[in-house]
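Colleague: One structure, pasted below without further comment.
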Amino acid sequence: MTRVYNFSAGPAVLPEPVLHRAAEEMLDWHGSGMAVMEMSHRGKEFIAIQAQAEADLRELLAIPRNYKVLFLQGGAAGQFAVVPMNLLRGKSKADYVNTGYWSKKAISEAKRYCKVSIAASSEDANFTYAPKQDNWKLDPEAAYVHFISNETIGGVEFHWIPDTGGVPLVADMSSHILSRPLDVGRYGLIYAGAQKNVGPAGLTIVIVREDLIGQALPFTPSVFDYKVQAEADSMHNTPPTFAVYVAGLVFQWLKQLGGLKQMEQINIAKARLVYDYLDQTEFYHSPVVKQDRSRMNIPFRLRNDQLDEEFLKQAKSHGLTQLKGHRSVGGMRASLYNAMPMEGVKALVGFMGEFERKHG
Ligand SMILES: *Cc1c(COP(=O)(O)O)cnc(C)c1O
């Protein structure tokens with residue numbers, strides 16, 4: 001068996017100990033005689049698996065008691081619609097920050113349900129920075145303020161929490177949740193698709209302050225009504241059982257590592273290795289302003305884009321895969337999620353140096 005270093009933006013690399021554990025338990029989970037995939041979601045085994053996953057997630061993120069944790073389906077893109085359906089609460093408008101590809105998707109979906117105001121945007125510089133708080137135009141009457149705290153494609157990360165006064169702050173954290181400690185109490189709602197930094201595709205995590213739920217628009221499907229799902233422990237319908245189980249193993253892996261403070265230190269070190277290299281060469285180039293660079297998703301370009309294909313081909317032959325940038329921006333992108341080991345990052349930077357010496 002040969003494992004590659006997989007730099008995919010998602011679905012993405014998972015911790016090897018988690019994959020081993022899932023493999024060991026695949027045919028017979030804890031003497032149940034069944035795979036987790038084969039269990040009733042209402043049986044005591046799976047109820048225990050999901051309860052443990054929630055408890056571990058609450059511990060890792062220090063989620064306050066007045067927040068509900070929901071394990072849903074439909075992806076982060078589903079939440080682009082589900083958030084306005086649930087959080088408008090009799091209001092007719094919401095503020096959105098536009099920092100790139102995923103912001104635009106969220107905005108166009110929200111426009112089907114309410115009046116959207118763009119509170120801030122980085123479009124003027126091709127989405128290469130996070131708009132400073134001073135430049136946000138917030139409407140105190142807005143139902144909520146929405147932003148993408150890590151733009152997976154542009155590689156822009158907010159390293160600070162916006163202040164929205166009394167208006168609930170909503171964040172799509174799909175590509176950096178669990179990469180660092182989080183002050184959940186500053187947010188009204190946090191959501192994330194699991195397949196970037198948490199686990200397999202199919203699971204969407206929602207963390208929502210209790211007082212914001214219970215006023216969904218009348219046409220909201222019950223499975224997407226936060227209140228209905230909160231009251232049913234996310235089992236109003238069948239949850240994505242296997243994805244919840246694997247995410248739970250990832251939570252345990254993070255706890256064993258020492259939690260999110262520890263994870264953050266590792267992530268800082270990994271990202272620094274790549275950015276330091278990018279900043280001392282003319283051969284490659286990082287488009288994102290320094291203070292807003294993502295630790296998780298690092299887009300970069302070869303100054304000579306004629307070499308792009310050769311770069312990807314040779315990278316692959318070195319066991320470094322999925323480095324092609326998103327089709328909307330081109331170039332390269334290395335995603336360094338929690339599960340990407342330091343050795344993988346060193347192998348990448350080593351290869352980049354070798355390629356530069358050969359072609360620079
Ligand atoms: C990947 C991604 C999405 C879309 O997630 P789906 O699970 O495909 O719906 C939304 N937002 C961000 C920030 C993402 O990285």
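Here's how to read the names in the structure tokens: chain A, B, ... by the order shown, residue numbers from 1 in each chain, ligand numbers from 1 in the order shown.
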Hey, which residues sit close to ligand 1? Say within 10 Å, counting only C-alpha atoms and all ligand atoms, and write them as a VMD selection string.
Modeller: chain A and resid 9 to 11 73 to 80 100 to 103 105 to 106 147 to 153 171 to 176 191 to 197 201 to 204 297
Colleague: Neighbouring residues of Tyr284 of chain A were defined as those with any atom within 7 Å, considering only C-alpha atoms; residues of the same chain fewer than 6 positions away were excluded. Please report them as a PyMOL selection string.
Modeller: chain A and resi 278+300-303
Colleague: Go ahead and write the residues just picked, N, CA, C and O atoms, as a PDB file, in the first residue's frame.
Modeller:
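Final output, saved to part_17.pdb:
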```pdb
ATOM      1  N   LEU A 278       7.494  30.629  -0.078  1.00  0.00           N
ATOM      2  CA  LEU A 278       6.918  31.432  -1.166  1.00  0.00           C
ATOM      3  C   LEU A 278       7.449  32.867  -1.149  1.00  0.00           C
ATOM      4  O   LEU A 278       7.620  33.487  -2.204  1.00  0.00           O
ATOM      5  N   PHE A 300      -1.149  29.398  -4.710  1.00  0.00           N
ATOM      6  CA  PHE A 300       0.095  30.025  -5.183  1.00  0.00           C
ATOM      7  C   PHE A 300       0.215  29.830  -6.687  1.00  0.00           C
ATOM      8  O   PHE A 300      -0.447  28.970  -7.267  1.00  0.00           O
ATOM      9  N   ARG A 301       1.041  30.678  -7.286  1.00  0.00           N
ATOM     10  CA  ARG A 301       1.215  30.621  -8.738  1.00  0.00           C
ATOM     11  C   ARG A 301       2.677  30.432  -9.086  1.00  0.00           C
ATOM     12  O   ARG A 301       3.556  30.904  -8.367  1.00  0.00           O
ATOM     13  N   LEU A 302       2.911  29.792 -10.194  1.00  0.00           N
ATOM     14  CA  LEU A 302       4.235  29.821 -10.794  1.00  0.00           C
ATOM     15  C   LEU A 302       4.257  31.079 -11.655  1.00  0.00           C
ATOM     16  O   LEU A 302       3.299  31.322 -12.396  1.00  0.00           O
ATOM     17  N   ARG A 303       5.319  31.887 -11.528  1.00  0.00           N
ATOM     18  CA  ARG A 303       5.355  33.130 -12.331  1.00  0.00           C
ATOM     19  C   ARG A 303       5.240  32.797 -13.810  1.00  0.00           C
ATOM     20  O   ARG A 303       4.640  33.532 -14.563  1.00  0.00           O
TER      21      ARG A 303
END
```
Colleague: Write out as a PyMOL selection string the residues lying within 6 Å of segment 333-344 of chain A, counting only C-alpha atoms and excluding same-chain residues fewer than 5 positions away.
Modeller: chain A and resi 5+7-9+13-15+197+296-300+323-325
Colleague: Based on DSSP run over this structure's backbone, return all residues of segment 200-254 of chain A in helix (DSSP H, G or I), as an MDAnalysis selection string.
Modeller: chainID A and resid 210:212 222:224 226:231 241:254
Colleague: Set the distance at 9 Å and use only C-alpha atoms: which residues neighbour Gln50 of chain A once local chain neighbours fewer than 5 positions away are removed? I'd like the list as a PDB file with all heavy atoms, in the first residue's frame.
Modeller:
```pdb
ATOM      1  N   GLU A  45     -26.436   1.532  20.288  1.00  0.00           N
ATOM      2  CA  GLU A  45     -25.037   1.678  19.867  1.00  0.00           C
ATOM      3  C   GLU A  45     -24.845   3.010  19.142  1.00  0.00           C
ATOM      4  O   GLU A  45     -23.958   3.785  19.488  1.00  0.00           O
ATOM      5  CB  GLU A  45     -24.604   0.533  18.930  1.00  0.00           C
ATOM      6  CG  GLU A  45     -24.470  -0.819  19.585  1.00  0.00           C
ATOM      7  CD  GLU A  45     -25.760  -1.643  19.455  1.00  0.00           C
ATOM      8  OE1 GLU A  45     -26.804  -1.084  19.059  1.00  0.00           O
ATOM      9  OE2 GLU A  45     -25.695  -2.846  19.764  1.00  0.00           O
ATOM     10  N   ALA A  55     -20.409  15.271  22.497  1.00  0.00           N
ATOM     11  CA  ALA A  55     -19.721  15.656  23.739  1.00  0.00           C
ATOM     12  C   ALA A  55     -18.273  16.049  23.455  1.00  0.00           C
ATOM     13  O   ALA A  55     -17.766  17.032  24.003  1.00  0.00           O
ATOM     14  CB  ALA A  55     -19.788  14.504  24.739  1.00  0.00           C
ATOM     15  N   PHE A  71     -26.265  17.761  13.771  1.00  0.00           N
ATOM     16  CA  PHE A  71     -25.582  16.988  12.738  1.00  0.00           C
ATOM     17  C   PHE A  71     -26.558  16.796  11.585  1.00  0.00           C
ATOM     18  O   PHE A  71     -27.470  15.956  11.676  1.00  0.00           O
ATOM     19  CB  PHE A  71     -25.120  15.635  13.290  1.00  0.00           C
ATOM     20  CG  PHE A  71     -24.051  15.746  14.359  1.00  0.00           C
ATOM     21  CD1 PHE A  71     -24.137  15.000  15.527  1.00  0.00           C
ATOM     22  CD2 PHE A  71     -22.949  16.570  14.174  1.00  0.00           C
ATOM     23  CE1 PHE A  71     -23.142  15.077  16.506  1.00  0.00           C
ATOM     24  CE2 PHE A  71     -21.944  16.660  15.149  1.00  0.00           C
ATOM     25  CZ  PHE A  71     -22.047  15.913  16.310  1.00  0.00           C
ATOM     26  N   THR A 241     -25.034   8.504   9.391  1.00  0.00           N
ATOM     27  CA  THR A 241     -24.492   7.774  10.543  1.00  0.00           C
ATOM     28  C   THR A 241     -22.985   7.501  10.438  1.00  0.00           C
ATOM     29  O   THR A 241     -22.245   7.717  11.399  1.00  0.00           O
ATOM     30  CB  THR A 241     -25.236   6.445  10.762  1.00  0.00           C
ATOM     31  OG1 THR A 241     -25.257   5.724   9.520  1.00  0.00           O
ATOM     32  CG2 THR A 241     -26.650   6.681  11.224  1.00  0.00           C
ATOM     33  N   VAL A 244     -20.947  10.675  10.853  1.00  0.00           N
ATOM     34  CA  VAL A 244     -20.929  11.125  12.257  1.00  0.00           C
ATOM     35  C   VAL A 244     -19.916  10.288  13.052  1.00  0.00           C
ATOM     36  O   VAL A 244     -19.138  10.817  13.852  1.00  0.00           O
ATOM     37  CB  VAL A 244     -22.340  11.005  12.890  1.00  0.00           C
ATOM     38  CG1 VAL A 244     -22.283  11.209  14.401  1.00  0.00           C
ATOM     39  CG2 VAL A 244     -23.303  12.005  12.237  1.00  0.00           C
ATOM     40  N   TYR A 245     -19.924   9.000  12.804  1.00  0.00           N
ATOM     41  CA  TYR A 245     -18.998   8.088  13.500  1.00  0.00           C
ATOM     42  C   TYR A 245     -17.536   8.451  13.199  1.00  0.00           C
ATOM     43  O   TYR A 245     -16.719   8.594  14.117  1.00  0.00           O
ATOM     44  CB  TYR A 245     -19.318   6.658  13.068  1.00  0.00           C
ATOM     45  CG  TYR A 245     -18.208   5.649  13.209  1.00  0.00           C
ATOM     46  CD1 TYR A 245     -17.771   5.221  14.460  1.00  0.00           C
ATOM     47  CD2 TYR A 245     -17.616   5.095  12.070  1.00  0.00           C
ATOM     48  CE1 TYR A 245     -16.754   4.278  14.568  1.00  0.00           C
ATOM     49  CE2 TYR A 245     -16.608   4.153  12.173  1.00  0.00           C
ATOM     50  CZ  TYR A 245     -16.167   3.753  13.420  1.00  0.00           C
ATOM     51  OH  TYR A 245     -15.166   2.822  13.527  1.00  0.00           O
ATOM     52  N   GLY A 248     -16.531  11.592  14.759  1.00  0.00           N
ATOM     53  CA  GLY A 248     -16.304  11.334  16.184  1.00  0.00           C
ATOM     54  C   GLY A 248     -14.904  10.784  16.438  1.00  0.00           C
ATOM     55  O   GLY A 248     -14.243  11.156  17.418  1.00  0.00           O
TER      56      GLY A 248
END
```
Colleague: Do you know which residues are at most 7 Å from Val250 of chain A counting only C-alpha atoms, after dropping those on the same chain fewer than 2 positions away, and could you put them as a PDB file with all heavy atoms, in the first residue's frame?
Modeller:
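Saved file out26.pdb follows:
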```
ATOM      1  N   VAL A  18      -7.161   7.452  12.400  1.00  0.00           N
ATOM      2  CA  VAL A  18      -8.626   7.381  12.311  1.00  0.00           C
ATOM      3  C   VAL A  18      -9.040   6.373  11.245  1.00  0.00           C
ATOM      4  O   VAL A  18      -9.944   5.552  11.455  1.00  0.00           O
ATOM      5  CB  VAL A  18      -9.219   8.782  12.003  1.00  0.00           C
ATOM      6  CG1 VAL A  18     -10.672   8.686  11.554  1.00  0.00           C
ATOM      7  CG2 VAL A  18      -9.081   9.690  13.219  1.00  0.00           C
ATOM      8  N   VAL A 198     -12.991  17.905   8.933  1.00  0.00           N
ATOM      9  CA  VAL A 198     -13.620  17.141  10.024  1.00  0.00           C
ATOM     10  C   VAL A 198     -13.741  15.647   9.735  1.00  0.00           C
ATOM     11  O   VAL A 198     -13.403  14.821  10.591  1.00  0.00           O
ATOM     12  CB  VAL A 198     -15.020  17.712  10.355  1.00  0.00           C
ATOM     13  CG1 VAL A 198     -15.706  16.877  11.426  1.00  0.00           C
ATOM     14  CG2 VAL A 198     -14.933  19.167  10.798  1.00  0.00           C
ATOM     15  N   GLY A 199     -14.234  15.284   8.565  1.00  0.00           N
ATOM     16  CA  GLY A 199     -14.505  13.865   8.332  1.00  0.00           C
ATOM     17  C   GLY A 199     -14.991  13.617   6.927  1.00  0.00           C
ATOM     18  O   GLY A 199     -14.663  14.377   6.021  1.00  0.00           O
ATOM     19  N   VAL A 246     -17.212   8.642  11.913  1.00  0.00           N
ATOM     20  CA  VAL A 246     -15.816   8.959  11.570  1.00  0.00           C
ATOM     21  C   VAL A 246     -15.442  10.343  12.110  1.00  0.00           C
ATOM     22  O   VAL A 246     -14.336  10.535  12.637  1.00  0.00           O
ATOM     23  CB  VAL A 246     -15.558   8.852  10.048  1.00  0.00           C
ATOM     24  CG1 VAL A 246     -14.124   9.258   9.719  1.00  0.00           C
ATOM     25  CG2 VAL A 246     -15.826   7.432   9.554  1.00  0.00           C
ATOM     26  N   ALA A 247     -16.352  11.294  12.022  1.00  0.00           N
ATOM     27  CA  ALA A 247     -16.077  12.623  12.602  1.00  0.00           C
ATOM     28  C   ALA A 247     -15.787  12.464  14.093  1.00  0.00           C
ATOM     29  O   ALA A 247     -14.864  13.088  14.634  1.00  0.00           O
ATOM     30  CB  ALA A 247     -17.255  13.563  12.371  1.00  0.00           C
ATOM     31  N   GLY A 248     -16.531  11.592  14.759  1.00  0.00           N
ATOM     32  CA  GLY A 248     -16.304  11.334  16.184  1.00  0.00           C
ATOM     33  C   GLY A 248     -14.904  10.784  16.438  1.00  0.00           C
ATOM     34  O   GLY A 248     -14.243  11.156  17.418  1.00  0.00           O
ATOM     35  N   GLN A 252     -11.803  12.470  18.688  1.00  0.00           N
ATOM     36  CA  GLN A 252     -10.977  11.774  19.690  1.00  0.00           C
ATOM     37  C   GLN A 252      -9.495  11.905  19.356  1.00  0.00           C
ATOM     38  O   GLN A 252      -8.657  12.089  20.247  1.00  0.00           O
ATOM     39  CB  GLN A 252     -11.399  10.311  19.808  1.00  0.00           C
ATOM     40  CG  GLN A 252     -12.719  10.213  20.582  1.00  0.00           C
ATOM     41  CD  GLN A 252     -13.290   8.798  20.646  1.00  0.00           C
ATOM     42  OE1 GLN A 252     -12.556   7.818  20.484  1.00  0.00           O
ATOM     43  NE2 GLN A 252     -14.587   8.702  20.877  1.00  0.00           N
ATOM     44  N   TRP A 253      -9.189  11.844  18.080  1.00  0.00           N
ATOM     45  CA  TRP A 253      -7.792  12.032  17.639  1.00  0.00           C
ATOM     46  C   TRP A 253      -7.291  13.427  18.049  1.00  0.00           C
ATOM     47  O   TRP A 253      -6.181  13.580  18.553  1.00  0.00           O
ATOM     48  CB  TRP A 253      -7.737  11.828  16.120  1.00  0.00           C
ATOM     49  CG  TRP A 253      -6.427  12.138  15.474  1.00  0.00           C
ATOM     50  CD1 TRP A 253      -5.305  11.349  15.465  1.00  0.00           C
ATOM     51  CD2 TRP A 253      -6.090  13.322  14.729  1.00  0.00           C
ATOM     52  NE1 TRP A 253      -4.303  11.972  14.752  1.00  0.00           N
ATOM     53  CE2 TRP A 253      -4.762  13.177  14.291  1.00  0.00           C
ATOM     54  CE3 TRP A 253      -6.790  14.477  14.374  1.00  0.00           C
ATOM     55  CZ2 TRP A 253      -4.105  14.149  13.516  1.00  0.00           C
ATOM     56  CZ3 TRP A 253      -6.147  15.443  13.615  1.00  0.00           C
ATOM     57  CH2 TRP A 253      -4.823  15.277  13.196  1.00  0.00           C
ATOM     58  N   LEU A 254      -8.143  14.435  17.864  1.00  0.00           N
ATOM     59  CA  LEU A 254      -7.759  15.808  18.234  1.00  0.00           C
ATOM     60  C   LEU A 254      -7.561  15.937  19.744  1.00  0.00           C
ATOM     61  O   LEU A 254      -6.644  16.618  20.212  1.00  0.00           O
ATOM     62  CB  LEU A 254      -8.837  16.804  17.769  1.00  0.00           C
ATOM     63  CG  LEU A 254      -8.832  17.157  16.280  1.00  0.00           C
ATOM     64  CD1 LEU A 254     -10.132  17.852  15.884  1.00  0.00           C
ATOM     65  CD2 LEU A 254      -7.630  18.044  15.935  1.00  0.00           C
TER      66      LEU A 254
END
```
Colleague: Tell me, in Å to one decimal, how far atom CA of Ser121 of chain A is from atom CA of Val167 of chain A.
Modeller: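 These two atoms are separated by 18.8 Å.
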Colleague: Figure out the distance between atom CA of Ala216 of chain A and atom CA of Ile161 of chain A, please, to one decimal in Å.
Modeller: 26.3 Å
Colleague: Do a neighbour search on Leu320 of chain A at 7 Å with only C-alpha atoms, toss out local chain neighbours closer than 3 positions, and write the hits as a tab-separated table (two decimals) with all heavy atoms, in the first residue's frame.
Modeller:
```tsv
chain	number	residue	atom	x	y	z
A	4	VAL	N	-0.48	8.62	-0.63
A	4	VAL	CA	0.10	9.86	-1.14
A	4	VAL	C	-0.08	10.96	-0.10
A	4	VAL	O	-0.83	10.79	0.87
A	4	VAL	CB	-0.59	10.29	-2.46
A	4	VAL	CG1	-0.32	9.29	-3.57
A	4	VAL	CG2	-2.09	10.50	-2.25
A	5	TYR	N	0.62	12.08	-0.31
A	5	TYR	CA	0.28	13.29	0.42
A	5	TYR	C	-0.78	14.01	-0.41
A	5	TYR	O	-0.50	14.48	-1.51
A	5	TYR	CB	1.51	14.17	0.65
A	5	TYR	CG	2.45	13.57	1.68
A	5	TYR	CD1	3.76	13.29	1.35
A	5	TYR	CD2	2.00	13.29	2.97
A	5	TYR	CE1	4.62	12.74	2.30
A	5	TYR	CE2	2.85	12.74	3.92
A	5	TYR	CZ	4.16	12.46	3.57
A	5	TYR	OH	5.01	11.92	4.50
A	6	ASN	N	-1.99	14.06	0.13
A	6	ASN	CA	-3.16	14.53	-0.60
A	6	ASN	C	-3.48	15.96	-0.17
A	6	ASN	O	-3.92	16.18	0.95
A	6	ASN	CB	-4.32	13.57	-0.30
A	6	ASN	CG	-5.65	14.06	-0.81
A	6	ASN	OD1	-5.71	15.02	-1.58
A	6	ASN	ND2	-6.72	13.42	-0.38
A	315	ALA	N	4.97	16.73	-9.45
A	315	ALA	CA	4.51	16.63	-8.06
A	315	ALA	C	3.87	15.27	-7.83
A	315	ALA	O	4.15	14.58	-6.85
A	315	ALA	CB	3.53	17.76	-7.74
A	316	LYS	N	3.03	14.89	-8.78
A	316	LYS	CA	2.32	13.62	-8.66
A	316	LYS	C	3.30	12.45	-8.61
A	316	LYS	O	3.12	11.51	-7.83
A	316	LYS	CB	1.34	13.46	-9.82
A	316	LYS	CG	0.35	12.37	-9.57
A	316	LYS	CD	-0.89	12.48	-10.43
A	316	LYS	CE	-1.82	11.33	-10.07
A	316	LYS	NZ	-2.50	10.76	-11.23
A	348	LEU	N	6.41	18.71	0.28
A	348	LEU	CA	5.93	19.67	-0.72
A	348	LEU	C	6.95	20.78	-0.94
A	348	LEU	O	7.32	21.09	-2.08
A	348	LEU	CB	4.58	20.27	-0.28
A	348	LEU	CG	4.07	21.42	-1.16
A	348	LEU	CD1	3.74	20.93	-2.57
A	348	LEU	CD2	2.84	22.09	-0.52
```
Colleague: Quote the spacing between atom CA of Ile177 of chain A and atom CA of Arg327 of chain A in Å to one decimal place.
Modeller: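 Taking atom CA of Ile177 of chain A and atom CA of Arg327 of chain A, their separation equals 24.0 Å.
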Colleague: Identify all residues of segment 24-124 of chain A in strand (DSSP E) (DSSP on the backbone) and supply them as an mmCIF file with C-alpha atoms, in the first residue's frame.
Modeller:
```cif
data_model
loop_
_atom_site.group_PDB
_atom_site.id
_atom_site.type_symbol
_atom_site.label_atom_id
_atom_site.label_comp_id
_atom_site.auth_asym_id
_atom_site.auth_seq_id
_atom_site.Cartn_x
_atom_site.Cartn_y
_atom_site.Cartn_z
ATOM 1 C CA TYR A 67 -25.827 26.477 22.005
ATOM 2 C CA LYS A 68 -27.295 23.517 20.121
ATOM 3 C CA VAL A 69 -25.086 21.225 18.084
ATOM 4 C CA LEU A 70 -26.811 19.748 15.032
ATOM 5 C CA PHE A 71 -25.582 16.988 12.738
ATOM 6 C CA LEU A 72 -27.364 17.601 9.439
ATOM 7 C CA LYS A 93 -32.955 41.713 5.327
ATOM 8 C CA ALA A 94 -29.511 40.397 6.136
ATOM 9 C CA ASP A 95 -25.931 41.698 5.799
ATOM 10 C CA TYR A 96 -23.354 39.666 3.883
ATOM 11 C CA VAL A 97 -19.605 40.129 3.534
ATOM 12 C CA ASN A 98 -18.265 39.268 0.098
ATOM 13 C CA LYS A 115 -32.976 41.485 0.854
ATOM 14 C CA VAL A 116 -29.205 41.145 0.985
ATOM 15 C CA SER A 117 -26.902 44.106 1.670
ATOM 16 C CA ILE A 118 -23.188 43.778 1.033
ATOM 17 C CA ALA A 119 -21.669 45.060 4.276
ATOM 18 C CA ALA A 120 -18.112 44.774 2.962
ATOM 19 C CA SER A 121 -16.298 43.350 -0.026
#
```
Colleague: May I have the residues within 8 Å of Leu60 of chain A as number ranges by chain, using only C-alpha atoms and disregarding those fewer than 5 positions away in the same chain?
Modeller: A: 178, 181, 251, 254-255, 259-260
Colleague: Just checking: using only C-alpha atoms, which residue out of A:Met39, A:Ala347, A:Met352, A:Ile63 ends up closest to Glu310 of chain A?
Modeller: A:Met352
Colleague: Given the choices A:Trp160, A:Pro200, A:Lys104, A:Trp136, which gets closest to Phe242 of chain A if the distance is worked out from only C-alpha atoms?
Modeller: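 Among the listed residues, the smallest separation from Phe242 of chain A belongs to A:Pro200.
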Colleague: Rank nothing, just name the residue among A:Tyr113, A:Tyr187, A:Tyr129, A:Phe311 nearest to Lys358 of chain A, using only C-alpha atoms.
Modeller: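 Of A:Tyr113, A:Tyr187, A:Tyr129, A:Phe311, the one nearest Lys358 of chain A is A:Phe311, counting only C-alpha atoms.
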